[in-house]
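Structure, as structure tokens:
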Amino acid sequence: MAEKKKCEYCDNEAIGFQSLEGSFAWVCRDHADSLLLELKPGEKKVYGACYLERYT
């Protein structure tokens with residue numbers, strides 16, 4: 001990730017990106033889905049239509 005992203009919900013620093021069933025957002029730790037929180041930094045997962053990428 002070249003530039004730091006901000007959380008779509010509160011403007012804190014985003015820890016990752018999540019796309020869940022058609023909605024997508026950069027999210028901080030407080031707004032991240034539990035599946036994203038389970039990932040290690042740099043890890044990516046695809047669950048059907050869901051995509052998760054953890055930055056930090």
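Labeling convention for the structure tokens: chains A, B, ... as they appear, residues from 1 per chain, ligands from 1 in order of appearance.
For Phe17 in chain A, the list of residues within 8 Å, based on only C-alpha atoms and with local chain neighbours fewer than 5 positions off taken out, reads Phe24, Ala25, Trp26, Val27, Leu52, Glu53, Arg54 and Tyr55 of chain A.
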Keeping N, CA, C and O atoms for every residue in the selection just given, could you write it to a file as a compact mmCIF listing (two decimals), in the first residue's frame?
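Writing done, so here's again.txt:
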```txt
# COMPACT_ATOMS: atom_id res chain seq x y z
N PHE A 24 -17.90 -2.25 -0.11
CA PHE A 24 -16.46 -2.27 0.11
C PHE A 24 -16.04 -1.03 0.88
O PHE A 24 -16.68 0.01 0.79
N ALA A 25 -14.97 -1.17 1.68
CA ALA A 25 -14.51 -0.04 2.48
C ALA A 25 -13.10 -0.30 3.00
O ALA A 25 -12.72 -1.44 3.26
N TRP A 26 -12.36 0.79 3.18
CA TRP A 26 -11.13 0.76 3.95
C TRP A 26 -11.57 0.97 5.37
O TRP A 26 -12.38 1.86 5.66
N VAL A 27 -11.07 0.16 6.30
CA VAL A 27 -11.57 0.20 7.67
C VAL A 27 -10.44 0.21 8.70
O VAL A 27 -9.36 -0.34 8.46
N LEU A 52 -10.81 -9.72 1.43
CA LEU A 52 -10.23 -9.06 2.60
C LEU A 52 -8.73 -8.92 2.40
O LEU A 52 -8.07 -9.85 1.97
N GLU A 53 -8.21 -7.76 2.74
CA GLU A 53 -6.77 -7.51 2.65
C GLU A 53 -6.35 -6.71 3.87
O GLU A 53 -6.85 -5.63 4.12
N ARG A 54 -5.41 -7.26 4.63
CA ARG A 54 -4.92 -6.61 5.86
C ARG A 54 -3.62 -5.90 5.56
O ARG A 54 -2.70 -6.47 4.99
N TYR A 55 -3.52 -4.62 5.91
CA TYR A 55 -2.32 -3.83 5.68
C TYR A 55 -1.40 -3.87 6.90
O TYR A 55 -0.23 -4.15 6.80
```
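The space separating CA of Leu35 in chain A from CA of Asp11 in chain A comes to 20.9 Å.
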> What's the 9 Å shell around range 46-49 of chain A, counting only C-alpha atoms, without same-chain residues fewer than 4 positions away, as a list in words?
Replying inline: Ser19, Leu20, Glu21, Gly22 and Glu53 of chain A
I need the residues from that last selection saved to file as an mmCIF file, in the first residue's frame (with N, CA and C atoms), if you can.
```
data_model
loop_
_atom_site.group_PDB
_atom_site.id
_atom_site.type_symbol
_atom_site.label_atom_id
_atom_site.label_comp_id
_atom_site.auth_asym_id
_atom_site.auth_seq_id
_atom_site.Cartn_x
_atom_site.Cartn_y
_atom_site.Cartn_z
ATOM 1 N N SER A 19 -14.280 -6.155 1.289
ATOM 2 C CA SER A 19 -15.393 -6.129 0.345
ATOM 3 C C SER A 19 -16.293 -7.294 0.719
ATOM 4 N N LEU A 20 -17.448 -6.966 1.248
ATOM 5 C CA LEU A 20 -18.367 -7.980 1.754
ATOM 6 C C LEU A 20 -19.702 -7.886 1.026
ATOM 7 N N GLU A 21 -19.985 -8.855 0.179
ATOM 8 C CA GLU A 21 -21.272 -8.956 -0.525
ATOM 9 C C GLU A 21 -21.697 -7.654 -1.194
ATOM 10 N N GLY A 22 -20.806 -7.054 -1.964
ATOM 11 C CA GLY A 22 -21.168 -5.876 -2.743
ATOM 12 C C GLY A 22 -20.789 -4.548 -2.138
ATOM 13 N N GLU A 53 -8.214 -7.755 2.736
ATOM 14 C CA GLU A 53 -6.773 -7.505 2.649
ATOM 15 C C GLU A 53 -6.346 -6.706 3.868
#
```
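Between CA of Lys4 in chain A and CA of Cys50 in chain A the separation is 22.3 Å.
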> Any idea what the distance is between CA of Ser23 in chain A and CA of Tyr51 in chain A?
Replying inline: 10.3 Å
> So which residues touch Glu13 in chain A within 10 Å, counting only C-alpha atoms, skipping near sequence neighbours fewer than 3 positions away, as a list in words?
Replying inline: Lys4, Lys5, Lys6, Cys7, Glu8, Cys10, Gly16, Trp26, Val27, Cys28, Arg29 and Thr56 of chain A
>> Considering only alpha helix (DSSP H) as DSSP defines it on the backbone, what residues of chain A qualify? List them as a PyMOL selection string.
In response: chain A and resi 34-37
What does the file look like for those residues with N, CA, C and O atoms, as a PDB file, in the first residue's frame?
```
ATOM      1  N   SER A  34     -14.613  -9.252  11.712  1.00  0.00           N
ATOM      2  CA  SER A  34     -13.780 -10.197  12.462  1.00  0.00           C
ATOM      3  C   SER A  34     -12.895 -11.038  11.539  1.00  0.00           C
ATOM      4  O   SER A  34     -11.785 -11.420  11.920  1.00  0.00           O
ATOM      5  N   LEU A  35     -13.359 -11.335  10.324  1.00  0.00           N
ATOM      6  CA  LEU A  35     -12.537 -12.087   9.370  1.00  0.00           C
ATOM      7  C   LEU A  35     -11.283 -11.304   8.989  1.00  0.00           C
ATOM      8  O   LEU A  35     -10.208 -11.878   8.833  1.00  0.00           O
ATOM      9  N   LEU A  36     -11.394  -9.999   8.844  1.00  0.00           N
ATOM     10  CA  LEU A  36     -10.245  -9.160   8.530  1.00  0.00           C
ATOM     11  C   LEU A  36      -9.287  -9.099   9.716  1.00  0.00           C
ATOM     12  O   LEU A  36      -8.070  -9.185   9.551  1.00  0.00           O
ATOM     13  N   LEU A  37      -9.822  -8.985  10.914  1.00  0.00           N
ATOM     14  CA  LEU A  37      -8.986  -8.919  12.111  1.00  0.00           C
ATOM     15  C   LEU A  37      -8.178 -10.193  12.337  1.00  0.00           C
ATOM     16  O   LEU A  37      -7.103 -10.148  12.938  1.00  0.00           O
TER      17      LEU A  37
END
```
